>>> print(open('entry-v3.cif').read())   # mmCIF, C-alpha atoms and all ligand atoms
data_start
loop_
_atom_site.label_atom_id
_atom_site.label_comp_id
_atom_site.auth_asym_id
_atom_site.auth_seq_id
_atom_site.Cartn_x
_atom_site.Cartn_y
_atom_site.Cartn_z
CA MET A 168 0.00 0.00 0.00
CA ALA A 169 1.22 3.48 -0.84
CA LYS A 170 1.50 6.60 1.28
CA ILE A 171 -0.27 9.41 -0.57
CA ALA A 172 -0.81 13.10 0.16
CA VAL A 173 -3.78 14.79 -1.48
CA LEU A 174 -3.32 18.58 -1.63
CA GLY A 175 -6.67 20.40 -1.75
CA ALA A 176 -9.70 19.43 0.32
CA GLY A 177 -12.48 20.72 -1.88
CA SER A 178 -15.06 18.41 -3.39
CA TRP A 179 -12.71 16.68 -5.85
CA GLY A 180 -9.72 16.31 -3.48
CA THR A 181 -12.02 14.79 -0.87
CA ALA A 182 -13.68 12.39 -3.34
CA LEU A 183 -10.31 11.23 -4.72
CA SER A 184 -9.08 10.70 -1.14
CA ILE A 185 -12.08 8.43 -0.58
CA VAL A 186 -11.18 6.35 -3.67
CA LEU A 187 -7.59 6.00 -2.43
CA ALA A 188 -8.69 5.15 1.11
CA ASP A 189 -11.09 2.50 -0.26
CA ASN A 190 -8.01 1.01 -1.95
CA LYS A 191 -6.37 0.81 1.50
CA HIS A 192 -3.70 3.42 0.86
CA ASP A 193 -2.44 5.62 3.68
CA VAL A 194 -4.13 8.92 2.73
CA ARG A 195 -3.22 12.35 4.08
CA LEU A 196 -5.61 15.09 2.97
CA TRP A 197 -4.03 18.54 3.20
CA THR A 198 -6.07 21.75 3.43
CA HIS A 199 -4.86 25.32 3.86
CA ASN A 200 -7.76 25.85 6.27
CA LYS A 201 -6.99 24.80 9.87
CA ASP A 202 -10.64 24.67 10.98
CA GLN A 203 -11.53 22.44 8.04
CA ALA A 204 -8.73 20.00 8.98
CA LEU A 205 -10.08 19.89 12.55
CA GLU A 206 -13.65 19.37 11.30
CA MET A 207 -12.61 16.48 9.06
CA ASN A 208 -10.58 14.74 11.78
CA GLU A 209 -13.25 15.20 14.45
CA THR A 210 -16.46 14.60 12.50
CA HIS A 211 -15.24 12.73 9.37
CA LYS A 212 -17.21 15.18 7.28
CA ASN A 213 -16.33 18.03 4.92
CA GLU A 214 -19.76 19.61 4.90
CA LYS A 215 -19.06 22.66 2.78
CA TYR A 216 -17.87 20.53 -0.12
CA LEU A 217 -19.35 17.04 0.04
CA ASP A 218 -22.40 15.45 1.62
CA THR A 219 -20.66 12.18 2.55
CA ILE A 220 -18.99 10.50 5.52
CA ILE A 221 -15.23 10.38 5.01
CA PRO A 222 -13.50 7.08 5.91
CA GLU A 223 -11.83 7.35 9.32
CA SER A 224 -8.52 6.18 7.86
CA ILE A 225 -8.14 9.52 6.01
CA ILE A 226 -6.19 11.96 8.18
CA ALA A 227 -6.53 15.66 7.45
CA TYR A 228 -3.49 17.93 7.79
CA ASN A 229 -3.04 21.67 7.86
CA ASP A 230 0.76 21.43 7.88
CA MET A 231 1.94 20.60 4.34
CA LYS A 232 5.38 19.46 5.50
CA GLU A 233 3.83 16.82 7.76
CA ALA A 234 1.33 15.78 5.11
CA VAL A 235 3.94 15.10 2.43
CA SER A 236 6.60 13.56 4.66
CA ASN A 237 7.86 10.29 3.07
CA VAL A 238 4.93 9.95 0.66
CA ASP A 239 5.16 7.87 -2.52
CA ALA A 240 2.74 10.07 -4.46
CA ILE A 241 1.15 13.49 -4.22
CA VAL A 242 -2.21 14.30 -5.80
CA ILE A 243 -2.64 18.03 -6.46
CA VAL A 244 -6.34 19.00 -6.65
CA VAL A 245 -6.69 22.73 -6.15
CA PRO A 246 -8.25 25.20 -8.60
CA THR A 247 -5.86 26.04 -11.44
CA LYS A 248 -5.39 29.56 -10.12
CA ALA A 249 -3.91 28.10 -6.89
CA ILE A 250 -1.51 25.61 -8.54
CA ARG A 251 1.49 27.99 -8.55
CA GLU A 252 1.10 28.88 -4.88
CA VAL A 253 0.71 25.24 -3.82
CA CYS A 254 3.73 24.16 -5.89
CA GLN A 255 5.84 26.93 -4.41
CA LYS A 256 4.92 25.77 -0.88
CA LEU A 257 5.51 22.15 -1.85
CA THR A 258 8.98 22.93 -3.17
CA THR A 259 10.02 24.25 0.23
CA VAL A 260 8.84 21.17 2.17
CA LEU A 261 9.43 18.19 -0.14
CA MET A 262 12.26 15.92 1.04
CA ASN A 263 11.84 12.77 -1.06
CA LYS A 264 10.99 12.25 -4.75
CA PRO A 265 7.31 11.31 -5.16
CA VAL A 266 5.25 10.91 -8.33
CA LEU A 267 3.02 13.96 -8.82
CA ILE A 268 -0.52 13.44 -10.04
CA HIS A 269 -2.81 16.36 -10.75
CA ALA A 270 -6.56 16.34 -11.27
CA SER A 271 -7.22 20.03 -11.94
CA LYS A 272 -8.95 21.15 -15.13
CA GLY A 273 -7.88 24.52 -16.44
CA ILE A 274 -5.54 26.61 -18.55
CA GLU A 275 -3.86 29.71 -17.14
CA PRO A 276 -4.79 32.97 -18.89
CA ASN A 277 -1.92 35.04 -20.35
CA THR A 278 0.78 32.37 -19.92
CA LEU A 279 -1.55 29.84 -21.67
CA LYS A 280 0.05 27.04 -19.64
CA ARG A 281 -1.54 23.69 -18.89
CA VAL A 282 -1.39 22.53 -15.28
CA SER A 283 1.52 20.11 -15.86
CA GLU A 284 3.46 22.96 -17.47
CA ILE A 285 2.81 25.20 -14.47
CA ILE A 286 4.05 22.43 -12.16
CA ASP A 287 7.19 21.98 -14.29
CA GLU A 288 7.77 25.70 -14.17
CA GLU A 289 7.33 26.07 -10.41
CA MET A 290 9.11 22.95 -9.14
CA PRO A 291 12.69 21.86 -9.88
CA GLN A 292 12.39 18.56 -11.70
CA TYR A 293 14.88 16.69 -9.48
CA ILE A 294 12.43 16.84 -6.53
CA TYR A 295 9.66 14.80 -8.17
CA GLU A 296 9.44 11.76 -10.42
CA ASP A 297 6.98 12.78 -13.13
CA VAL A 298 3.65 14.52 -13.61
CA VAL A 299 0.54 12.45 -14.32
CA VAL A 300 -2.84 14.00 -15.16
CA LEU A 301 -6.11 12.36 -14.09
CA SER A 302 -9.17 13.50 -16.04
CA GLY A 303 -12.57 12.27 -17.23
CA PRO A 304 -16.31 12.43 -16.56
CA SER A 305 -16.28 12.30 -12.78
CA HIS A 306 -18.43 14.47 -10.59
CA ALA A 307 -17.14 14.31 -7.01
CA GLU A 308 -20.65 13.85 -5.62
CA GLU A 309 -21.09 10.54 -7.50
CA VAL A 310 -17.52 9.31 -6.95
CA ALA A 311 -17.95 9.81 -3.19
CA GLN A 312 -21.03 7.54 -3.35
CA ARG A 313 -18.99 4.87 -5.17
CA GLN A 314 -21.13 5.18 -8.29
CA PRO A 315 -19.52 3.68 -11.44
CA THR A 316 -17.04 6.19 -12.85
CA THR A 317 -14.35 6.07 -15.54
CA VAL A 318 -11.32 8.33 -15.92
CA THR A 319 -8.06 8.47 -17.87
CA VAL A 320 -4.54 9.04 -16.57
CA ALA A 321 -1.73 10.26 -18.83
CA SER A 322 1.93 11.11 -18.46
CA LEU A 323 5.03 11.34 -20.60
CA THR A 324 6.15 7.96 -19.30
CA GLU A 325 3.96 4.86 -19.47
CA GLU A 326 5.39 3.61 -16.18
CA HIS A 327 4.00 6.53 -14.20
CA ALA A 328 0.61 6.48 -15.92
CA LYS A 329 0.33 2.79 -15.01
CA TYR A 330 1.42 3.55 -11.46
CA ALA A 331 -1.38 6.10 -11.11
CA GLN A 332 -3.84 3.65 -12.72
CA ASP A 333 -2.94 1.06 -10.07
CA LEU A 334 -3.33 3.54 -7.21
CA PHE A 335 -6.87 4.59 -8.12
CA PHE A 336 -8.34 1.57 -9.92
CA ASN A 337 -11.17 -0.25 -8.12
CA GLU A 338 -14.54 -1.84 -8.86
CA SER A 339 -16.40 1.47 -9.01
CA PHE A 340 -13.55 3.64 -10.31
CA ARG A 341 -12.20 2.34 -13.62
CA VAL A 342 -8.99 4.00 -14.80
CA TYR A 343 -7.63 3.92 -18.37
CA THR A 344 -4.14 5.04 -19.42
CA SER A 345 -3.13 7.29 -22.30
CA ASP A 346 0.17 8.60 -23.64
CA ASP A 347 -1.38 11.91 -24.71
CA LEU A 348 -0.66 14.23 -21.79
CA ILE A 349 -1.53 17.33 -23.84
CA GLY A 350 -4.85 15.96 -25.13
CA ILE A 351 -5.99 14.65 -21.77
CA GLU A 352 -5.22 17.94 -20.03
CA LEU A 353 -6.78 20.07 -22.77
CA GLY A 354 -9.94 17.94 -23.01
CA GLY A 355 -10.68 18.36 -19.30
CA ALA A 356 -9.96 22.07 -19.38
CA LEU A 357 -11.73 23.06 -22.61
CA LYS A 358 -14.96 21.17 -21.92
CA ASN A 359 -15.65 23.62 -19.09
CA ILE A 360 -16.12 26.40 -21.65
CA ILE A 361 -18.74 24.38 -23.50
CA ALA A 362 -20.43 23.47 -20.18
CA LEU A 363 -20.82 27.20 -19.49
CA GLY A 364 -22.41 27.44 -22.94
CA ALA A 365 -24.76 24.53 -22.24
CA GLY A 366 -25.85 26.21 -19.00
CA ILE A 367 -26.40 29.53 -20.81
CA SER A 368 -28.49 27.72 -23.42
CA ASP A 369 -30.64 26.07 -20.73
CA GLY A 370 -30.93 29.39 -18.89
CA LEU A 371 -32.23 31.01 -22.07
CA GLY A 372 -34.89 28.31 -22.25
CA PHE A 373 -33.50 26.40 -25.22
CA GLY A 374 -33.87 22.64 -25.36
CA ASP A 375 -31.98 19.49 -26.19
CA ASN A 376 -31.34 20.38 -29.85
CA ALA A 377 -29.34 23.44 -28.88
CA LYS A 378 -27.42 21.51 -26.25
CA ALA A 379 -26.56 18.69 -28.66
CA ALA A 380 -25.34 21.31 -31.14
CA LEU A 381 -23.14 22.94 -28.51
CA ILE A 382 -21.65 19.63 -27.43
CA THR A 383 -20.93 18.48 -30.98
CA ARG A 384 -19.65 21.74 -32.43
CA GLY A 385 -17.88 22.42 -29.12
CA LEU A 386 -16.06 19.14 -29.53
CA ALA A 387 -15.04 20.19 -33.05
CA GLU A 388 -13.43 23.40 -31.85
CA MET A 389 -11.83 21.77 -28.78
CA THR A 390 -10.26 19.24 -31.13
CA ARG A 391 -9.14 21.95 -33.55
CA LEU A 392 -7.30 23.88 -30.85
CA GLY A 393 -5.98 20.69 -29.24
CA VAL A 394 -4.50 19.38 -32.48
CA ALA A 395 -2.92 22.76 -33.20
CA LEU A 396 -1.24 22.49 -29.79
CA GLY A 397 0.07 18.97 -30.32
CA ALA A 398 -2.74 16.78 -28.90
CA GLN A 399 -3.84 13.55 -30.58
CA PRO A 400 -7.28 14.07 -32.20
CA LEU A 401 -8.64 10.73 -30.97
CA SER A 402 -8.16 11.77 -27.34
CA PHE A 403 -11.08 14.17 -27.76
CA LEU A 404 -13.34 11.21 -28.55
CA GLY A 405 -12.36 9.63 -25.24
CA LEU A 406 -13.39 10.12 -21.63
CA PRO A 407 -11.69 13.49 -21.08
CA GLY A 408 -13.25 14.79 -24.32
CA VAL A 409 -16.70 13.53 -25.29
CA GLY A 410 -17.18 11.82 -21.91
CA ASP A 411 -16.51 14.92 -19.86
CA LEU A 412 -18.47 17.12 -22.26
CA ILE A 413 -21.54 14.94 -21.77
CA VAL A 414 -21.29 14.83 -18.00
CA THR A 415 -20.58 18.52 -17.54
CA CYS A 416 -23.09 19.82 -20.08
CA THR A 417 -25.95 17.66 -18.81
CA SER A 418 -25.48 17.21 -15.07
CA VAL A 419 -27.04 19.19 -12.26
CA HIS A 420 -23.78 18.68 -10.35
CA SER A 421 -21.71 20.72 -12.78
CA ARG A 422 -20.47 24.01 -11.38
CA ASN A 423 -19.75 25.31 -14.89
CA TRP A 424 -23.23 24.41 -16.10
CA LYS A 425 -24.78 26.08 -13.01
CA ALA A 426 -22.79 29.27 -13.56
CA GLY A 427 -23.81 29.29 -17.23
CA HIS A 428 -27.44 28.70 -16.29
CA LEU A 429 -27.41 31.83 -14.11
CA LEU A 430 -25.78 33.83 -16.92
CA GLY A 431 -28.50 32.64 -19.29
CA LYS A 432 -31.10 33.79 -16.76
CA GLY A 433 -29.64 37.27 -16.98
CA TYR A 434 -27.28 37.51 -13.99
CA GLN A 435 -23.97 39.32 -14.47
CA LEU A 436 -20.72 37.36 -14.16
CA GLU A 437 -19.75 38.96 -10.84
CA GLU A 438 -23.13 38.13 -9.29
CA VAL A 439 -22.85 34.56 -10.56
CA LEU A 440 -19.37 34.01 -9.14
CA ASN A 441 -20.46 35.49 -5.79
CA GLN A 442 -23.26 32.92 -5.62
CA MET A 443 -21.06 29.94 -6.47
CA GLU A 444 -19.36 28.39 -3.46
CA MET A 445 -17.03 26.26 -5.56
CA VAL A 446 -14.60 26.95 -8.33
CA VAL A 447 -15.93 27.63 -11.86
CA GLU A 448 -12.81 26.82 -13.90
CA GLY A 449 -14.46 27.59 -17.25
CA VAL A 450 -14.34 31.34 -16.71
CA ARG A 451 -10.53 31.66 -16.64
CA THR A 452 -10.14 28.90 -19.21
CA THR A 453 -12.44 30.75 -21.63
CA LYS A 454 -10.08 33.71 -21.45
CA ALA A 455 -7.04 31.46 -21.95
CA ALA A 456 -8.58 29.50 -24.85
CA TYR A 457 -9.71 32.71 -26.55
CA GLN A 458 -6.15 34.08 -26.30
CA PHE A 459 -4.73 30.73 -27.46
CA ALA A 460 -7.09 30.60 -30.46
CA GLN A 461 -6.02 34.08 -31.53
CA GLU A 462 -2.35 33.24 -31.10
CA GLU A 463 -2.65 29.95 -33.02
CA ASN A 464 -5.12 31.37 -35.56
CA VAL A 465 -7.69 28.64 -34.81
CA ASP A 466 -11.40 29.18 -35.41
CA MET A 467 -13.34 28.78 -32.11
CA PRO A 468 -16.69 30.55 -32.58
CA ILE A 469 -18.42 29.13 -29.48
CA THR A 470 -15.47 29.99 -27.25
CA LYS A 471 -15.39 33.50 -28.74
CA GLY A 472 -19.12 33.88 -28.10
CA ILE A 473 -18.77 32.81 -24.48
CA TYR A 474 -15.77 35.12 -24.09
CA ASP A 475 -17.91 37.99 -25.37
CA ILE A 476 -20.68 37.16 -22.87
CA LEU A 477 -18.27 36.83 -19.94
CA PHE A 478 -15.86 39.66 -20.60
CA GLU A 479 -17.41 42.00 -23.18
CA GLY A 480 -20.89 42.30 -21.70
CA LYS A 481 -22.62 40.86 -24.80
CA HIS A 482 -26.14 39.49 -24.34
CA PRO A 483 -26.36 35.69 -24.75
CA LYS A 484 -29.24 36.03 -27.27
CA GLU A 485 -27.05 38.21 -29.51
CA ILE A 486 -24.34 35.53 -29.43
CA VAL A 487 -26.83 32.80 -30.34
CA GLN A 488 -27.89 34.85 -33.38
CA GLN A 489 -24.25 35.33 -34.39
CA LEU A 490 -23.47 31.62 -34.08
CA MET A 491 -26.55 30.57 -36.06
CA ASN A 492 -25.84 33.08 -38.84
CA ARG A 493 -22.23 32.21 -39.50
CA THR A 494 -21.21 31.53 -43.10
CA LYS A 495 -22.63 28.28 -44.52
CA LYS A 496 -20.12 25.45 -44.48
CA ASP A 497 -19.51 21.72 -44.79
CA GLU A 498 -19.81 20.12 -41.35
CA MET A 499 -16.50 18.27 -41.54
CA ALA A 500 -14.55 20.95 -43.42
CA ASP A 501 -11.05 21.30 -42.00
CA ILE A 502 -12.18 19.72 -38.78
CA PHE A 503 -8.66 19.51 -37.36
CA THR A 504 -6.86 22.21 -39.21
CA GLU A 505 -9.27 25.07 -39.80
CA ARG A 506 -7.63 28.46 -39.53
CA LYS A 507 -9.43 31.81 -39.46
N1 LIG B 1 -15.65 18.83 -8.25
C1 LIG B 1 -15.55 17.91 -9.20
O1 LIG B 1 -16.45 17.07 -9.36
C2 LIG B 1 -14.34 17.87 -10.07
C3 LIG B 1 -13.40 18.87 -10.06
N2 LIG B 1 -12.30 18.80 -10.87
C4 LIG B 1 -11.27 19.82 -10.85
O2 LIG B 1 -10.56 19.77 -9.61
C5 LIG B 1 -10.07 21.06 -9.27
C6 LIG B 1 -10.53 21.40 -7.86
O3 LIG B 1 -11.94 21.49 -7.94
P1 LIG B 1 -12.92 21.25 -6.73
O4 LIG B 1 -12.38 20.34 -5.71
O5 LIG B 1 -14.23 20.95 -7.36
O6 LIG B 1 -12.99 22.73 -6.15
P2 LIG B 1 -13.74 23.24 -4.85
O7 LIG B 1 -14.15 24.61 -5.13
O8 LIG B 1 -14.72 22.22 -4.42
O9 LIG B 1 -12.56 23.24 -3.77
C7 LIG B 1 -11.36 23.92 -3.98
C8 LIG B 1 -10.46 23.63 -2.80
O10 LIG B 1 -9.18 24.22 -3.04
C9 LIG B 1 -8.86 25.04 -1.95
N3 LIG B 1 -7.99 26.13 -2.33
C10 LIG B 1 -8.31 27.24 -3.03
N4 LIG B 1 -7.23 28.02 -3.16
C11 LIG B 1 -6.22 27.41 -2.51
C12 LIG B 1 -4.87 27.74 -2.26
N5 LIG B 1 -4.32 28.85 -2.75
N6 LIG B 1 -4.13 26.88 -1.51
C13 LIG B 1 -4.67 25.76 -1.03
N7 LIG B 1 -5.94 25.38 -1.23
C14 LIG B 1 -6.70 26.21 -1.97
C15 LIG B 1 -10.20 25.53 -1.44
O11 LIG B 1 -10.05 26.04 -0.14
P3 LIG B 1 -11.13 27.09 0.50
O12 LIG B 1 -12.21 26.24 1.08
O13 LIG B 1 -10.33 27.81 1.53
O14 LIG B 1 -11.60 27.96 -0.62
C16 LIG B 1 -10.99 24.24 -1.50
O15 LIG B 1 -10.66 23.40 -0.44
C17 LIG B 1 -10.63 22.02 -10.34
O16 LIG B 1 -9.64 22.25 -11.30
C18 LIG B 1 -11.80 21.25 -10.96
O17 LIG B 1 -12.03 21.59 -12.30
C19 LIG B 1 -12.09 17.73 -11.70
C20 LIG B 1 -13.01 16.71 -11.74
C21 LIG B 1 -14.19 16.68 -10.94
O1 LIG B 2 -14.98 18.11 -14.36
C1 LIG B 2 -15.98 17.79 -13.77
C2 LIG B 2 -16.63 16.50 -13.93
O2 LIG B 2 -15.90 15.65 -14.73
C3 LIG B 2 -16.60 18.77 -12.86
O3 LIG B 2 -17.14 19.78 -13.61
P1 LIG B 2 -17.66 21.11 -12.90
O4 LIG B 2 -16.42 21.81 -12.39
O5 LIG B 2 -18.38 21.86 -13.92
O6 LIG B 2 -18.53 20.67 -11.77
#
>>> encode(input="entry-v3.cif", output="structure tokens", more="lines below")
Ligand SMILES: NC(=O)C1=CN([C@@H]2O[C@H](COP(=O)(O)OP(=O)(O)OC[C@H]3O[C@@H](n4cnc5c(N)ncnc54)[C@H](OP(=O)(O)O)[C@@H]3O)[C@@H](O)[C@H]2O)C=CC1
Ligand SMILES: O=C(CO)COP(=O)(O)O
Amino acid sequence: MAKIAVLGAGSWGTALSIVLADNKHDVRLWTHNKDQALEMNETHKNEKYLDTIIPESIIAYNDMKEAVSNVDAIVIVVPTKAIREVCQKLTTVLMNKPVLIHASKGIEPNTLKRVSEIIDEEMPQYIYEDVVVLSGPSHAEEVAQRQPTTVTVASLTEEHAKYAQDLFFNESFRVYTSDDLIGIELGGALKNIIALGAGISDGLGFGDNAKAALITRGLAEMTRLGVALGAQPLSFLGLPGVGDLIVTCTSVHSRNWKAGHLLGKGYQLEEVLNQMEMVVEGVRTTKAAYQFAQEENVDMPITKGIYDILFEGKHPKEIVQQLMNRTKKDEMADIFTERK
């Protein structure tokens, strides 16, 4: 059995800790909030984030140095905007050389870095083994109830992807491997933009046809950007692509869908984010993908429309009109290579 520190005690960090504890690993769940660590150790609950009893074998820590002492693996599960800060702290306290696994889904605006690139940038590579990404259709609420879930892990080395697969794999949590680190990270990040769109569409009162269109054409533009950035196109047909699009665009659990739904109902972005108690990764990732698409000269009309709603104050109905009235085209034209 492995000794594993999970950094980030929100809904996803807690759910992944439960999977690892079910697999009999020694799990240390680190939070930057002292009261939350006390609550979890005393009550075995993390009420703000998950409506589930946490196995007693999971020990919560507020001291990162203690949490990561002599661990074999570290799972980083904080919002993308907190990755740099957590890696900087980790660099000062890490004594051995664990495998790093991350399960965060975002791209950083301005730098346009994926999470594994941020980790590489913030941490000297001699203090960790490798970075593995874990991604796929996996709402924390269902994982914590041991409902059947499938995800994909990817890294630059097969050995470390397989290691992560072994750590998490169990009868309700099926883990596949992939060698496409870029595609698996981008799929999980970019689908959040489309989930915002699906929520907006529902908030406007549109039905299943509009949502199916968003998912399908969203997949086309995710794939276009991904391929331009070096991802394998088939990865977008897998769990972190189509799978995660379906779950996030159609589930009441999705934070991105919920935020989009409020936007579609007419709330302003600031009001929406004030109402959400959990991270809505799609907002920052929309900015990053919009910047990326401009830089790479890739056509991403849905992403641009959502960018305009979020950051340019455009009304969602105006964006729907724009999207529907784009130039006529062949559905599969330049599906992977289209440039503006
Ligand atoms: N929830 C889900 O079902 C899934 C989420 N993900 C991804 O996992 C990542 C985390 O999401 P999720 O758990 O849902 O987010 P939540 O909003 O549920 O929780 C975020 C957690 O990170 C903590 N945190 C925020 N900033 C920092 C910081 N600077 N240092 C340390 N801890 C910090 C928060 O602490 P505080 O309470 O103090 O704010 C909170 O404990 C995201 O990238 C998300 O896309 C991926 C798959 C499924
Ligand atoms: O990535 C997720 C499920 O796979 C979670 O999505 P939300 O952040 O929209 O809840």
>>> closest_residue(input="entry-v3.cif", among="A:Ser302, A:Asn359, A:Ser283, A:Ser236", to="Ser421 of chain A", atoms="all atoms listed in the file")
A:Asn359
>>> closest_atom_pairs(input="entry-v3.cif", of="chain A", to="ligand LIG 2 (chain B)", cutoff="7 Å", atoms="only C-alpha atoms and all ligand atoms", output="Markdown table")
| residue | atom | partner | partner_atom | distance |
| --- | --- | --- | --- | --- |
| A:Lys272 | CA | B:LIG2 | O1 | 6.8 |
| A:Gly303 | CA | B:LIG2 | O2 | 5.4 |
| A:Pro304 | CA | B:LIG2 | O2 | 3.7 |
| A:Ser305 | CA | B:LIG2 | O2 | 3.9 |
| A:His306 | CA | B:LIG2 | C2 | 4.3 |
| A:Gly355 | CA | B:LIG2 | O1 | 6.6 |
| A:Asn359 | CA | B:LIG2 | O5 | 6.1 |
| A:Ala362 | CA | B:LIG2 | O5 | 6.8 |
| A:Asp411 | CA | B:LIG2 | O2 | 5.2 |
| A:Val414 | CA | B:LIG2 | O2 | 6.4 |
| A:Thr415 | CA | B:LIG2 | O3 | 5.4 |
| A:His420 | CA | B:LIG2 | O6 | 5.8 |
| A:Ser421 | CA | B:LIG2 | O6 | 3.3 |
| A:Arg422 | CA | B:LIG2 | O6 | 3.9 |
| A:Asn423 | CA | B:LIG2 | O5 | 3.8 |
| A:Trp424 | CA | B:LIG2 | O5 | 5.9 |
| A:Val446 | CA | B:LIG2 | O4 | 6.8 |
| A:Val447 | CA | B:LIG2 | O4 | 5.9 |
| A:Glu448 | CA | B:LIG2 | O4 | 6.4 |
>>> write_last_selection(input="entry-v3.cif", atoms="C-alpha atoms", output="PDB file, keeping the file's coordinate frame")
ATOM      1  CA  LYS A 272      -8.950  21.150 -15.130  1.00  0.00           C
ATOM      2  CA  GLY A 303     -12.570  12.270 -17.230  1.00  0.00           C
ATOM      3  CA  PRO A 304     -16.310  12.430 -16.560  1.00  0.00           C
ATOM      4  CA  SER A 305     -16.280  12.300 -12.780  1.00  0.00           C
ATOM      5  CA  HIS A 306     -18.430  14.470 -10.590  1.00  0.00           C
ATOM      6  CA  GLY A 355     -10.680  18.360 -19.300  1.00  0.00           C
ATOM      7  CA  ASN A 359     -15.650  23.620 -19.090  1.00  0.00           C
ATOM      8  CA  ALA A 362     -20.430  23.470 -20.180  1.00  0.00           C
ATOM      9  CA  ASP A 411     -16.510  14.920 -19.860  1.00  0.00           C
ATOM     10  CA  VAL A 414     -21.290  14.830 -18.000  1.00  0.00           C
ATOM     11  CA  THR A 415     -20.580  18.520 -17.540  1.00  0.00           C
ATOM     12  CA  HIS A 420     -23.780  18.680 -10.350  1.00  0.00           C
ATOM     13  CA  SER A 421     -21.710  20.720 -12.780  1.00  0.00           C
ATOM     14  CA  ARG A 422     -20.470  24.010 -11.380  1.00  0.00           C
ATOM     15  CA  ASN A 423     -19.750  25.310 -14.890  1.00  0.00           C
ATOM     16  CA  TRP A 424     -23.230  24.410 -16.100  1.00  0.00           C
ATOM     17  CA  VAL A 446     -14.600  26.950  -8.330  1.00  0.00           C
ATOM     18  CA  VAL A 447     -15.930  27.630 -11.860  1.00  0.00           C
ATOM     19  CA  GLU A 448     -12.810  26.820 -13.900  1.00  0.00           C
TER      20      GLU A 448
END
>>> atom_distance(input="entry-v3.cif", atom1="atom CA of Glu438 of chain A", atom2="atom CA of Ala460 of chain A")
27.6 Å
>>> residues_near_ligand(input="entry-v3.cif", ligand="ligand LIG 1 (chain B)", cutoff="6 Å", atoms="all atoms listed in the file", output="ChimeraX atom specification")
/A:175-180,198-200,216,244-247,249,252-253,270-273,305-307,445-446,448
>>> closest_atom_pairs(input="entry-v3.cif", of="segment 442-471 of chain A", to="segment 363-381 of chain A", cutoff="12 Å", atoms="only C-alpha atoms", output="tab-separated table")
residue	atom	partner	partner_atom	distance
A:Val447	CA	A:Leu363	CA	9.1
A:Glu448	CA	A:Leu363	CA	9.8
A:Gly449	CA	A:Leu363	CA	6.8
A:Val450	CA	A:Leu363	CA	8.2
A:Arg451	CA	A:Leu363	CA	11.6
A:Thr452	CA	A:Leu363	CA	10.8
A:Thr453	CA	A:Leu363	CA	9.3
A:Met467	CA	A:Leu381	CA	12.0
A:Pro468	CA	A:Leu381	CA	10.8
A:Ile469	CA	A:Leu381	CA	7.8
A:Thr470	CA	A:Gly364	CA	8.6
A:Lys471	CA	A:Gly364	CA	10.9
>>> closest_atom_pairs(input="entry-v3.cif", of="segment 437-475 of chain A", to="segment 279-282 of chain A", cutoff="8 Å", atoms="all atoms listed in the file", output="CSV")
residue,atom,partner,partner_atom,distance
A:Ala455,CA,A:Leu279,CA,5.7
A:Ala456,CA,A:Leu279,CA,7.7
A:Gln458,CA,A:Leu279,CA,7.8
A:Phe459,CA,A:Leu279,CA,6.7
>>> atom_distance(input="entry-v3.cif", atom1="atom CA of Val318 of chain A", atom2="atom CA of Val300 of chain A")
10.2 Å
>>> residues_around(input="entry-v3.cif", residues="Gly350 of chain A", least_positions_apart="4", cutoff="6 Å", atoms="only C-alpha atoms", output="MDAnalysis selection string")
chainID A and resid 354 398 402
>>> closest_atom_pairs(input="entry-v3.cif", of="segment 389-438 of chain A", to="segment 321-343 of chain A", cutoff="12 Å", atoms="only C-alpha atoms", output="Markdown table")
| residue | atom | partner | partner_atom | distance |
| --- | --- | --- | --- | --- |
| A:Ser402 | CA | A:Ala321 | CA | 10.8 |
| A:Gly405 | CA | A:Tyr343 | CA | 10.1 |
| A:Leu406 | CA | A:Tyr343 | CA | 9.1 |
| A:Pro407 | CA | A:Ala321 | CA | 10.7 |
>>> write_last_selection(input="entry-v3.cif", atoms="C-alpha atoms", output="PDB file, in the coordinates of the input")
ATOM      1  CA  SER A 402      -8.160  11.770 -27.340  1.00  0.00           C
ATOM      2  CA  GLY A 405     -12.360   9.630 -25.240  1.00  0.00           C
ATOM      3  CA  LEU A 406     -13.390  10.120 -21.630  1.00  0.00           C
ATOM      4  CA  PRO A 407     -11.690  13.490 -21.080  1.00  0.00           C
TER       5      PRO A 407
END
>>> residues_around(input="entry-v3.cif", residues="Arg195 of chain A", least_positions_apart="2", cutoff="10 Å", atoms="all atoms listed in the file", output="PyMOL selection string")
chain A and resi 170-174+184+188+192-193+197-198+224-228+231+233-236+238+241
>>> write_last_selection(input="entry-v3.cif", atoms="C-alpha atoms", output="tab-separated table (two decimals), keeping the file's coordinate frame")
chain	number	residue	atom	x	y	z
A	170	LYS	CA	1.50	6.60	1.28
A	171	ILE	CA	-0.27	9.41	-0.57
A	172	ALA	CA	-0.81	13.10	0.16
A	173	VAL	CA	-3.78	14.79	-1.48
A	174	LEU	CA	-3.32	18.58	-1.63
A	184	SER	CA	-9.08	10.70	-1.14
A	188	ALA	CA	-8.69	5.15	1.11
A	192	HIS	CA	-3.70	3.42	0.86
A	193	ASP	CA	-2.44	5.62	3.68
A	197	TRP	CA	-4.03	18.54	3.20
A	198	THR	CA	-6.07	21.75	3.43
A	224	SER	CA	-8.52	6.18	7.86
A	225	ILE	CA	-8.14	9.52	6.01
A	226	ILE	CA	-6.19	11.96	8.18
A	227	ALA	CA	-6.53	15.66	7.45
A	228	TYR	CA	-3.49	17.93	7.79
A	231	MET	CA	1.94	20.60	4.34
A	233	GLU	CA	3.83	16.82	7.76
A	234	ALA	CA	1.33	15.78	5.11
A	235	VAL	CA	3.94	15.10	2.43
A	236	SER	CA	6.60	13.56	4.66
A	238	VAL	CA	4.93	9.95	0.66
A	241	ILE	CA	1.15	13.49	-4.22
